file entry-v4.csv (CSV, C-alpha atoms)
chain,number,residue,atom,x,y,z
A,1,SER,CA,36.0,-2.4,-35.3
A,2,HIS,CA,37.5,0.9,-36.5
A,3,PRO,CA,41.3,0.5,-36.9
A,4,LEU,CA,42.0,3.7,-34.9
A,5,VAL,CA,39.8,2.6,-32.0
A,6,LYS,CA,41.7,0.4,-29.5
A,7,MET,CA,39.4,-1.9,-27.7
A,8,ASN,CA,41.1,-3.6,-24.7
A,9,GLY,CA,38.0,-4.9,-23.0
A,10,LEU,CA,34.3,-5.5,-23.0
A,11,ILE,CA,31.8,-4.7,-20.3
A,12,LEU,CA,28.2,-5.9,-20.2
A,13,ASP,CA,25.8,-4.4,-17.7
A,14,GLU,CA,22.4,-5.8,-16.9
A,15,ALA,CA,23.7,-9.2,-18.0
A,16,HIS,CA,20.6,-11.0,-16.8
A,17,CYS,CA,19.0,-9.8,-20.0
A,18,LEU,CA,20.9,-12.6,-21.7
A,19,VAL,CA,18.7,-14.9,-19.8
A,20,GLN,CA,15.4,-13.1,-19.6
A,21,TRP,CA,15.4,-11.7,-23.1
A,22,GLY,CA,18.2,-13.5,-25.0
A,23,ASP,CA,16.0,-16.1,-26.7
A,24,THR,CA,13.0,-14.3,-28.0
A,25,PHE,CA,12.9,-10.6,-27.3
A,26,ARG,CA,16.5,-9.7,-28.2
A,27,PRO,CA,17.9,-12.9,-29.9
A,28,ALA,CA,21.1,-11.0,-31.0
A,29,TYR,CA,22.2,-11.2,-27.3
A,30,ARG,CA,22.9,-14.9,-27.8
A,31,ARG,CA,25.7,-13.9,-30.2
A,32,LEU,CA,27.5,-11.6,-27.8
A,33,GLY,CA,30.0,-14.3,-26.9
A,34,THR,CA,31.4,-14.2,-30.4
A,35,VAL,CA,32.4,-10.5,-30.3
A,36,ARG,CA,35.6,-10.9,-28.3
A,37,PRO,CA,37.1,-13.7,-30.5
A,38,ALA,CA,36.2,-11.6,-33.6
A,39,LEU,CA,37.9,-8.5,-32.2
A,40,LEU,CA,41.0,-10.5,-31.2
A,41,LYS,CA,41.5,-11.6,-34.8
A,42,SER,CA,42.5,-8.1,-35.7
A,43,LYS,CA,45.0,-7.9,-32.9
A,44,PRO,CA,48.6,-9.3,-32.7
A,45,ALA,CA,48.8,-13.0,-31.9
A,46,GLY,CA,48.7,-13.7,-28.1
A,47,SER,CA,46.7,-10.5,-27.4
A,48,GLN,CA,44.2,-10.7,-24.6
A,49,MET,CA,40.9,-8.9,-24.0
A,50,ALA,CA,39.2,-8.7,-20.6
A,51,ILE,CA,35.4,-9.2,-20.4
A,52,ALA,CA,33.2,-8.4,-17.4
A,53,ALA,CA,29.5,-8.9,-16.9
A,54,PHE,CA,27.4,-7.2,-14.2
A,55,THR,CA,23.9,-7.9,-12.9
A,56,ALA,CA,22.0,-7.7,-9.6
A,57,THR,CA,20.0,-10.8,-10.4
A,58,ALA,CA,21.7,-14.0,-11.5
A,59,ASP,CA,20.8,-17.3,-9.9
A,60,PRO,CA,23.0,-20.3,-10.6
A,61,THR,CA,21.1,-21.2,-13.8
A,62,ALA,CA,21.5,-17.6,-15.0
A,63,GLN,CA,25.2,-17.6,-14.1
A,64,ARG,CA,25.7,-20.8,-16.2
A,65,ILE,CA,23.9,-19.3,-19.2
A,66,ILE,CA,25.9,-16.0,-19.0
A,67,LYS,CA,29.1,-18.0,-18.7
A,68,THR,CA,28.3,-20.2,-21.7
A,69,THR,CA,26.8,-17.5,-23.9
A,70,LEU,CA,29.8,-15.1,-23.3
A,71,GLN,CA,32.3,-18.0,-23.8
A,72,LEU,CA,33.9,-17.5,-20.5
A,73,LYS,CA,36.4,-20.2,-19.6
A,74,THR,CA,37.3,-19.9,-15.9
A,75,PRO,CA,35.7,-16.5,-14.9
A,76,ALA,CA,36.3,-15.0,-11.4
A,77,LEU,CA,32.9,-14.8,-9.7
A,78,PHE,CA,32.0,-11.9,-7.3
A,79,LEU,CA,28.7,-12.8,-5.7
A,80,ILE,CA,26.9,-10.5,-3.3
A,81,ASN,CA,24.0,-11.7,-1.1
A,82,PRO,CA,20.8,-10.1,-2.5
A,83,TYR,CA,19.2,-9.7,1.0
A,84,ARG,CA,17.8,-6.2,1.6
A,85,PRO,CA,17.0,-5.8,5.4
A,86,ASN,CA,14.7,-2.8,4.8
A,87,LEU,CA,12.5,-4.5,2.1
A,88,SER,CA,9.4,-6.3,3.4
A,89,LEU,CA,8.2,-9.0,0.9
A,90,ARG,CA,4.5,-9.7,1.0
A,91,VAL,CA,2.2,-11.9,-1.1
A,92,GLN,CA,-1.6,-11.4,-1.0
A,93,THR,CA,-4.2,-13.7,-2.5
A,94,VAL,CA,-7.0,-12.0,-4.3
A,95,TRP,CA,-10.2,-13.7,-5.4
A,96,THR,CA,-11.6,-11.6,-8.2
A,97,PRO,CA,-10.2,-9.0,-10.7
A,98,ARG,CA,-12.1,-6.3,-8.7
A,99,GLY,CA,-10.4,-7.5,-5.5
A,100,ARG,CA,-7.1,-7.2,-7.2
A,101,ARG,CA,-7.7,-3.6,-8.2
A,102,GLN,CA,-9.0,-2.8,-4.7
A,103,GLN,CA,-5.8,-4.1,-3.1
A,104,MET,CA,-3.6,-2.2,-5.5
A,105,VAL,CA,-5.5,1.0,-4.8
A,106,ARG,CA,-5.3,0.3,-1.1
A,107,CYS,CA,-1.5,0.1,-1.2
A,108,ILE,CA,-1.4,3.4,-3.1
A,109,GLN,CA,-3.6,5.0,-0.5
A,110,GLN,CA,-1.4,3.7,2.3
A,111,HIS,CA,1.6,5.6,0.8
A,112,PRO,CA,0.3,9.1,0.2
A,113,LYS,CA,2.8,11.5,-1.4
A,114,GLN,CA,5.3,8.6,-1.7
A,115,ALA,CA,6.8,7.2,-4.8
A,116,GLY,CA,5.8,3.7,-6.1
A,117,LEU,CA,5.7,1.4,-9.1
A,118,ILE,CA,2.8,-0.9,-10.2
A,119,TYR,CA,4.0,-3.8,-12.4
A,120,VAL,CA,1.9,-5.6,-15.0
A,121,ARG,CA,3.0,-8.0,-17.7
A,122,THR,CA,1.5,-6.6,-20.9
A,123,ARG,CA,1.3,-3.4,-22.8
A,124,LYS,CA,-2.5,-3.7,-23.1
A,125,ASP,CA,-2.9,-4.1,-19.3
A,126,SER,CA,-0.7,-1.2,-18.5
A,127,ILE,CA,-2.8,1.1,-20.7
A,128,ALA,CA,-6.1,-0.2,-19.4
A,129,ILE,CA,-5.2,0.0,-15.7
A,130,ALA,CA,-3.6,3.5,-16.1
A,131,GLN,CA,-6.8,4.7,-17.8
A,132,TRP,CA,-9.0,3.2,-15.0
A,133,LEU,CA,-6.9,4.9,-12.3
A,134,ARG,CA,-7.0,8.2,-14.1
A,135,GLU,CA,-10.8,7.9,-14.1
A,136,GLN,CA,-10.6,7.4,-10.3
A,137,GLY,CA,-8.7,10.7,-10.1
A,138,HIS,CA,-5.1,9.5,-9.9
A,139,HIS,CA,-2.3,11.2,-11.8
A,140,THR,CA,-0.5,8.3,-13.5
A,141,ALA,CA,0.6,6.9,-16.9
A,142,ALA,CA,1.3,3.6,-18.7
A,143,TYR,CA,4.9,2.9,-19.4
A,144,HIS,CA,5.7,0.1,-21.9
A,145,ALA,CA,8.1,-0.9,-24.7
A,146,GLY,CA,5.8,0.6,-27.4
A,147,LEU,CA,6.3,4.2,-26.3
A,148,ALA,CA,8.4,6.5,-28.3
A,149,ALA,CA,11.6,7.7,-26.6
A,150,PRO,CA,10.4,11.3,-25.9
A,151,GLU,CA,7.3,10.0,-24.2
A,152,ARG,CA,9.4,7.5,-22.1
A,153,ARG,CA,11.7,10.4,-21.0
A,154,ARG,CA,8.7,12.6,-20.1
A,155,ILE,CA,7.1,9.9,-17.9
A,156,GLU,CA,10.5,9.1,-16.3
A,157,HIS,CA,11.1,12.8,-15.6
A,158,GLN,CA,7.6,13.3,-14.0
A,159,TRP,CA,8.1,10.3,-11.8
A,160,LEU,CA,11.7,11.1,-10.7
A,161,SER,CA,10.7,14.7,-9.9
A,162,GLY,CA,7.7,13.7,-7.9
A,163,GLU,CA,5.2,15.3,-10.2
A,164,MET,CA,3.8,11.8,-10.8
A,165,LEU,CA,3.9,9.5,-7.8
A,166,PHE,CA,3.5,6.1,-9.4
A,167,VAL,CA,3.6,4.5,-12.9
A,168,ILE,CA,1.8,1.5,-14.3
A,169,CYS,CA,4.6,-0.3,-16.0
A,170,THR,CA,5.8,-3.4,-17.8
A,171,SER,CA,9.3,-4.9,-17.4
A,172,ALA,CA,10.4,-2.2,-19.9
A,173,PHE,CA,10.6,0.3,-16.9
A,174,GLY,CA,13.4,0.4,-14.5
A,175,MET,CA,16.9,-0.4,-15.9
A,176,GLY,CA,19.0,2.7,-15.9
A,177,ILE,CA,16.5,4.7,-13.8
A,178,ASN,CA,17.5,5.3,-10.2
A,179,HIS,CA,14.9,6.7,-7.8
A,180,PRO,CA,16.2,6.0,-4.3
A,181,ALA,CA,13.0,6.9,-2.4
A,182,VAL,CA,10.6,4.3,-3.9
A,183,ARG,CA,8.5,3.2,-0.9
A,184,TYR,CA,6.4,0.4,-2.6
A,185,VAL,CA,6.4,-1.9,-5.6
A,186,VAL,CA,3.1,-3.7,-6.3
A,187,HIS,CA,3.1,-6.6,-8.6
A,188,MET,CA,-0.5,-6.4,-9.8
A,189,GLN,CA,0.5,-9.2,-12.2
A,190,VAL,CA,3.5,-11.3,-11.2
A,191,PRO,CA,6.5,-12.2,-13.5
A,192,MET,CA,7.3,-15.6,-14.9
A,193,LEU,CA,10.9,-15.7,-13.6
A,194,LEU,CA,12.3,-15.2,-10.1
A,195,SER,CA,15.1,-13.1,-11.5
A,196,GLU,CA,12.6,-10.7,-12.9
A,197,TYR,CA,10.8,-10.5,-9.6
A,198,VAL,CA,14.0,-9.7,-7.7
A,199,GLN,CA,15.0,-7.1,-10.3
A,200,GLU,CA,11.6,-5.4,-10.0
A,201,VAL,CA,11.2,-5.5,-6.2
A,202,GLY,CA,14.8,-4.3,-5.9
A,203,ARG,CA,13.6,-0.9,-7.2
A,204,ALA,CA,12.1,-0.2,-3.8
A,205,GLY,CA,14.0,1.2,-0.8
A,206,ARG,CA,17.3,1.9,-2.4
A,207,ASP,CA,17.8,4.7,0.1
A,208,GLY,CA,17.9,2.1,2.9
A,209,LYS,CA,14.6,3.2,4.5
A,210,SER,CA,11.7,0.9,4.9
A,211,ALA,CA,9.8,-0.2,1.8
A,212,ILE,CA,7.4,-3.0,0.8
A,213,ALA,CA,7.0,-5.3,-2.2
A,214,LEU,CA,3.5,-6.6,-2.5
A,215,SER,CA,2.5,-9.3,-5.0
A,216,LEU,CA,-1.1,-10.0,-5.8
A,217,ILE,CA,-1.9,-13.5,-6.9
A,218,SER,CA,-5.1,-15.5,-7.7
A,219,GLU,CA,-6.3,-18.2,-5.3
A,220,PRO,CA,-4.9,-21.6,-6.3
A,221,THR,CA,-7.8,-22.8,-8.4
A,222,GLY,CA,-8.2,-19.6,-10.3
A,223,LEU,CA,-11.9,-20.2,-10.7
A,224,LEU,CA,-13.0,-16.6,-9.8
A,225,ASP,CA,-10.0,-14.8,-11.2
A,226,PRO,CA,-8.4,-17.0,-14.0
A,227,GLU,CA,-6.2,-14.2,-15.4
A,228,ASP,CA,-2.9,-15.4,-13.8
A,229,LYS,CA,-3.3,-18.9,-15.1
A,230,GLN,CA,-4.4,-17.7,-18.6
A,231,ARG,CA,-1.4,-15.3,-18.8
A,232,GLN,CA,1.1,-17.9,-17.7
A,233,GLN,CA,-0.3,-20.4,-20.1
A,234,PHE,CA,-0.1,-17.9,-22.9
A,235,PHE,CA,3.5,-17.0,-22.3
A,236,GLN,CA,4.4,-20.7,-21.9
A,237,GLN,CA,2.6,-21.7,-25.1
A,238,ASN,CA,4.2,-18.8,-26.9
A,239,LEU,CA,7.7,-20.0,-25.9
A,240,GLU,CA,6.9,-23.6,-26.6
A,241,GLY,CA,5.6,-22.6,-30.0
A,242,HIS,CA,8.8,-20.7,-30.8
A,243,TYR,CA,10.8,-23.8,-29.6
A,244,ARG,CA,8.8,-26.2,-31.9
A,245,LYS,CA,9.3,-23.9,-34.9
A,246,ALA,CA,13.0,-23.7,-34.1
A,247,LEU,CA,13.4,-27.5,-34.1
A,248,GLN,CA,11.4,-27.7,-37.4
A,249,LEU,CA,13.5,-25.0,-38.9
A,250,SER,CA,16.7,-26.8,-37.9
A,251,LYS,CA,15.8,-29.6,-40.4
A,252,GLN,CA,15.4,-27.2,-43.3
A,253,LEU,CA,18.5,-25.1,-42.7
A,254,PRO,CA,21.9,-25.7,-44.2
A,255,SER,CA,24.3,-27.1,-41.7
A,256,GLN,CA,26.2,-23.8,-41.7
A,257,GLY,CA,25.3,-20.4,-43.0
A,258,GLU,CA,24.8,-16.7,-42.4
A,259,VAL,CA,22.4,-15.3,-39.8
A,260,SER,CA,21.1,-12.5,-42.0
A,261,ALA,CA,20.3,-15.0,-44.8
A,262,VAL,CA,18.2,-17.0,-42.3
A,263,THR,CA,16.4,-14.0,-40.9
A,264,ARG,CA,15.6,-12.8,-44.5
A,265,GLU,CA,14.1,-16.1,-45.6
A,266,TYR,CA,12.2,-17.2,-42.4
A,267,ASN,CA,9.9,-15.3,-40.1
A,268,ASP,CA,11.3,-15.5,-36.6
A,269,GLY,CA,14.5,-16.9,-38.0
A,270,ALA,CA,16.6,-14.9,-35.5
A,271,ILE,CA,14.5,-16.3,-32.6
A,272,ALA,CA,14.9,-19.8,-34.0
A,273,LEU,CA,18.7,-19.6,-34.2
A,274,SER,CA,18.8,-18.1,-30.7
A,275,LEU,CA,16.7,-21.0,-29.2
A,276,LEU,CA,18.7,-23.6,-31.1
A,277,HIS,CA,21.8,-22.2,-29.5
A,278,SER,CA,20.2,-22.1,-26.0
A,279,VAL,CA,19.4,-25.9,-26.2
A,280,GLY,CA,22.8,-26.9,-27.6
A,281,GLN,CA,21.8,-27.5,-31.2
A,282,LEU,CA,23.8,-24.7,-32.7
A,283,GLU,CA,27.2,-23.0,-32.4
A,284,TRP,CA,28.2,-19.6,-33.6
A,285,GLU,CA,31.2,-19.3,-35.9
A,286,GLY,CA,31.4,-15.6,-35.3
A,287,PRO,CA,28.9,-12.7,-34.9
A,288,PHE,CA,27.3,-13.4,-38.2
A,289,HIS,CA,27.6,-17.1,-39.0
A,290,TYR,CA,26.4,-20.3,-37.4
A,291,HIS,CA,26.8,-24.1,-37.8
A,292,LEU,CA,24.4,-26.7,-36.6
A,293,ARG,CA,25.7,-29.5,-34.5
A,294,SER,CA,25.6,-32.9,-36.0
A,295,GLN,CA,23.7,-34.5,-33.1
A,296,ARG,CA,20.4,-32.7,-33.4
A,297,SER,CA,18.2,-35.3,-31.9
A,298,THR,CA,19.0,-34.7,-28.2
A,299,PRO,CA,18.3,-31.1,-27.4
A,300,GLN,CA,18.8,-29.8,-23.8
A,301,THR,CA,15.7,-28.9,-21.8
A,302,PRO,CA,14.7,-25.3,-22.4
A,303,ALA,CA,15.5,-23.1,-19.4
A,304,PHE,CA,12.0,-21.5,-19.4
A,305,GLN,CA,10.3,-24.8,-18.4
A,306,SER,CA,11.7,-24.7,-14.8
A,307,GLY,CA,11.2,-20.9,-14.3
A,308,ALA,CA,7.5,-20.9,-13.8
A,309,SER,CA,7.5,-23.7,-11.2
A,310,GLN,CA,10.2,-21.9,-9.2
A,311,MET,CA,8.1,-18.7,-9.2
A,312,ALA,CA,5.0,-20.6,-8.1
A,313,ALA,CA,7.1,-22.3,-5.3
A,314,TYR,CA,8.1,-18.8,-4.0
A,315,PHE,CA,4.5,-17.6,-3.8
A,316,GLN,CA,3.4,-20.8,-2.0
A,317,THR,CA,6.3,-21.2,0.4
A,318,THR,CA,5.5,-21.2,4.1
A,319,ASP,CA,9.1,-20.3,5.0
A,320,CYS,CA,10.7,-16.9,5.3
A,321,ARG,CA,10.6,-15.4,1.8
A,322,TRP,CA,14.1,-14.0,2.0
A,323,ARG,CA,15.4,-17.4,3.0
A,324,PHE,CA,13.7,-18.9,-0.1
A,325,LEU,CA,15.4,-16.2,-2.3
A,326,LEU,CA,18.8,-16.8,-0.8
A,327,ASN,CA,18.5,-20.5,-1.4
A,328,ALA,CA,17.3,-19.9,-5.0
A,329,PHE,CA,20.3,-17.6,-5.7
A,330,GLY,CA,22.8,-20.0,-4.4
A,331,PHE,CA,23.5,-18.5,-0.9
A,332,LYS,CA,22.6,-21.6,1.0
A,333,LYS,CA,24.9,-21.0,4.0
A,334,ASP,CA,23.4,-17.5,4.5
A,335,ALA,CA,19.9,-19.0,4.1
A,336,GLN,CA,20.4,-21.4,7.0
A,337,VAL,CA,20.5,-18.6,9.5
A,338,MET,CA,18.1,-16.3,7.8
A,339,ARG,CA,14.8,-15.2,9.3
A,340,CYS,CA,14.1,-11.7,8.2
A,341,GLY,CA,11.4,-11.0,10.7
A,342,GLN,CA,9.5,-8.7,8.4
A,343,CYS,CA,8.1,-10.7,5.5
A,344,ASP,CA,4.6,-11.9,5.6
A,345,ARG,CA,5.8,-15.4,6.5
A,346,CYS,CA,7.9,-14.3,9.5
A,347,ASP,CA,5.4,-11.7,10.7
A,348,ARG,CA,1.9,-13.3,10.4
A,349,ARG,CA,0.3,-9.9,11.0
A,350,LEU,CA,1.2,-9.0,7.5
A,351,SER,CA,-0.5,-12.0,5.9
call {"tool": "encode", "arguments": {"input": "entry-v4.csv", "output": "structure tokens"}}
result
Amino acid sequence: SHPLVKMNGLILDEAHCLVQWGDTFRPAYRRLGTVRPALLKSKPAGSQMAIAAFTATADPTAQRIIKTTLQLKTPALFLINPYRPNLSLRVQTVWTPRGRRQQMVRCIQQHPKQAGLIYVRTRKDSIAIAQWLREQGHHTAAYHAGLAAPERRRIEHQWLSGEMLFVICTSAFGMGINHPAVRYVVHMQVPMLLSEYVQEVGRAGRDGKSAIALSLISEPTGLLDPEDKQRQQFFQQNLEGHYRKALQLSKQLPSQGEVSAVTREYNDGAIALSLLHSVGQLEWEGPFHYHLRSQRSTPQTPAFQSGASQMAAYFQTTDCRWRFLLNAFGFKKDAQVMRCGQCDRCDRRLS
């Protein structure tokens, strides 16, 4: 840090990104916990530096990962129940790709002149669906991580101003953008993690007025619409492939070294180091150096393996959807008395 800049604390917003993106998309996030000790080395002995992490979506697993990654010893926890009484959670089974598009369009038509968001999981799908909707006469755009910053700002401005009522977006859309009057969020394709789902549906109804969150899913066999299964398998295999590469790389790496040297020599070296840290095989010696732990044969189970099954359980539950979410996020006492009355499980007319 610059000698004239006095840093007395660190604040991390959107801390769930450590969990959702910290292994593969932004592997440097895994090294954030080393920043405070590194800064304290330049301060007088006995100095302290406060650190705070904020997020709207951290279940007990995410809380543990945030605590471990940021090297928090005995942090004070301030947990707020995620329940939103004005937000109706709905899940609808679709049988074919055509049926999926029809239900998405139907939801748009049920909210004329109202703001909404349509979530998909890939850049390619956002472009294809936005193009298809424009051909149907809708004014919309695809929003994804591949857009240049000026194009992102242009779409955001059009949406926030009401010039464009809805956007076809990936998870790249949303953080730092506040539109209080979003009346609907459609998951045309559902996320892999419950924390992503809560983050994305939470963009609806921030003004406190009624809003809906509709998720479209394939019927269980996926015979007529196999896209969901194929997408989930692709993401799962991609993560598992990264994980296998990381374990192989750990046998070739020196027991301690510099991050930049590894990333120069090996493709996906940064991702491999991040994954090795996430399964307890590696420790950081600072923001730029690592050392491998001596017991490399017993890695922890990667967190991503349980994420997909939890997401599937949410969609299949016969119980109140908000009760499921409260249990999943650790609010078990509140969940015992929860029956929201307006999700598709509480109100069968919405099914």
call {"tool": "closest_residue", "arguments": {"input": "entry-v4.csv", "among": "A:Arg84, A:Arg348, A:Lys41, A:Arg121", "to": "Glu227 in chain A", "atoms": "all atoms listed in the file"}}
result
A:Arg121
call {"tool": "residues_around", "arguments": {"input": "entry-v4.csv", "residues": "range 13-23 of chain A", "least_positions_apart": "5", "cutoff": "6 Å", "atoms": "all atoms listed in the file", "output": "short mmCIF file (atom, residue, chain, number, x, y, z; two decimals) with C-alpha atoms, in the frame of the given file"}}
result
data_model
loop_
_atom_site.label_atom_id
_atom_site.label_comp_id
_atom_site.auth_asym_id
_atom_site.auth_seq_id
_atom_site.Cartn_x
_atom_site.Cartn_y
_atom_site.Cartn_z
CA TYR A 29 22.20 -11.20 -27.30
CA ARG A 30 22.90 -14.90 -27.80
CA ALA A 53 29.50 -8.90 -16.90
CA PHE A 54 27.40 -7.20 -14.20
CA THR A 55 23.90 -7.90 -12.90
CA SER A 274 18.80 -18.10 -30.70
CA LEU A 275 16.70 -21.00 -29.20
#
call {"tool": "residues_around", "arguments": {"input": "entry-v4.csv", "residues": "range 140-153 of chain A", "least_positions_apart": "5", "cutoff": "6 Å", "atoms": "all atoms listed in the file", "output": "PyMOL selection string"}}
result
chain A and resi 123+126-127+130+167-170+172
call {"tool": "closest_atom_pairs", "arguments": {"input": "entry-v4.csv", "of": "range 49-73 of chain A", "to": "range 175-198 of chain A", "cutoff": "12 Å", "atoms": "only C-alpha atoms", "output": "JSON lines"}}
result
{"residue": "A:Thr55", "atom": "CA", "partner": "A:Ser195", "partner_atom": "CA", "distance": 10.3}
{"residue": "A:Ala56", "atom": "CA", "partner": "A:Val198", "partner_atom": "CA", "distance": 8.5}
{"residue": "A:Thr57", "atom": "CA", "partner": "A:Ser195", "partner_atom": "CA", "distance": 5.5}
{"residue": "A:Ala58", "atom": "CA", "partner": "A:Ser195", "partner_atom": "CA", "distance": 6.7}
{"residue": "A:Asp59", "atom": "CA", "partner": "A:Ser195", "partner_atom": "CA", "distance": 7.3}
{"residue": "A:Pro60", "atom": "CA", "partner": "A:Ser195", "partner_atom": "CA", "distance": 10.7}
{"residue": "A:Thr61", "atom": "CA", "partner": "A:Ser195", "partner_atom": "CA", "distance": 10.3}
{"residue": "A:Ala62", "atom": "CA", "partner": "A:Ser195", "partner_atom": "CA", "distance": 8.6}
{"residue": "A:Gln63", "atom": "CA", "partner": "A:Ser195", "partner_atom": "CA", "distance": 11.4}
call {"tool": "write_last_selection", "arguments": {"input": "entry-v4.csv", "atoms": "C-alpha atoms", "output": "PDB file, keeping the file's coordinate frame"}}
result
ATOM      1  CA  THR A  55      23.900  -7.900 -12.900  1.00  0.00           C
ATOM      2  CA  ALA A  56      22.000  -7.700  -9.600  1.00  0.00           C
ATOM      3  CA  THR A  57      20.000 -10.800 -10.400  1.00  0.00           C
ATOM      4  CA  ALA A  58      21.700 -14.000 -11.500  1.00  0.00           C
ATOM      5  CA  ASP A  59      20.800 -17.300  -9.900  1.00  0.00           C
ATOM      6  CA  PRO A  60      23.000 -20.300 -10.600  1.00  0.00           C
ATOM      7  CA  THR A  61      21.100 -21.200 -13.800  1.00  0.00           C
ATOM      8  CA  ALA A  62      21.500 -17.600 -15.000  1.00  0.00           C
ATOM      9  CA  GLN A  63      25.200 -17.600 -14.100  1.00  0.00           C
TER      10      GLN A  63
END
call {"tool": "residues_around", "arguments": {"input": "entry-v4.csv", "residues": "Phe315 in chain A", "least_positions_apart": "3", "cutoff": "7 Å", "atoms": "all atoms listed in the file", "output": "list in words"}}
result
Val91, Met311 and Ala312 of chain A
call {"tool": "residues_around", "arguments": {"input": "entry-v4.csv", "residues": "range 72-82 of chain A", "least_positions_apart": "4", "cutoff": "7 Å", "atoms": "all atoms listed in the file", "output": "MDAnalysis selection string"}}
result
chainID A and resid 67:68 331
call {"tool": "residues_around", "arguments": {"input": "entry-v4.csv", "residues": "Leu87 in chain A", "least_positions_apart": "3", "cutoff": "8 Å", "atoms": "only C-alpha atoms", "output": "PDB file with C-alpha atoms, in the frame of the given file"}}
result
ATOM      1  CA  ARG A  84      17.800  -6.200   1.600  1.00  0.00           C
ATOM      2  CA  ALA A 204      12.100  -0.200  -3.800  1.00  0.00           C
ATOM      3  CA  GLY A 205      14.000   1.200  -0.800  1.00  0.00           C
ATOM      4  CA  SER A 210      11.700   0.900   4.900  1.00  0.00           C
ATOM      5  CA  ALA A 211       9.800  -0.200   1.800  1.00  0.00           C
ATOM      6  CA  ILE A 212       7.400  -3.000   0.800  1.00  0.00           C
ATOM      7  CA  ALA A 213       7.000  -5.300  -2.200  1.00  0.00           C
TER       8      ALA A 213
END
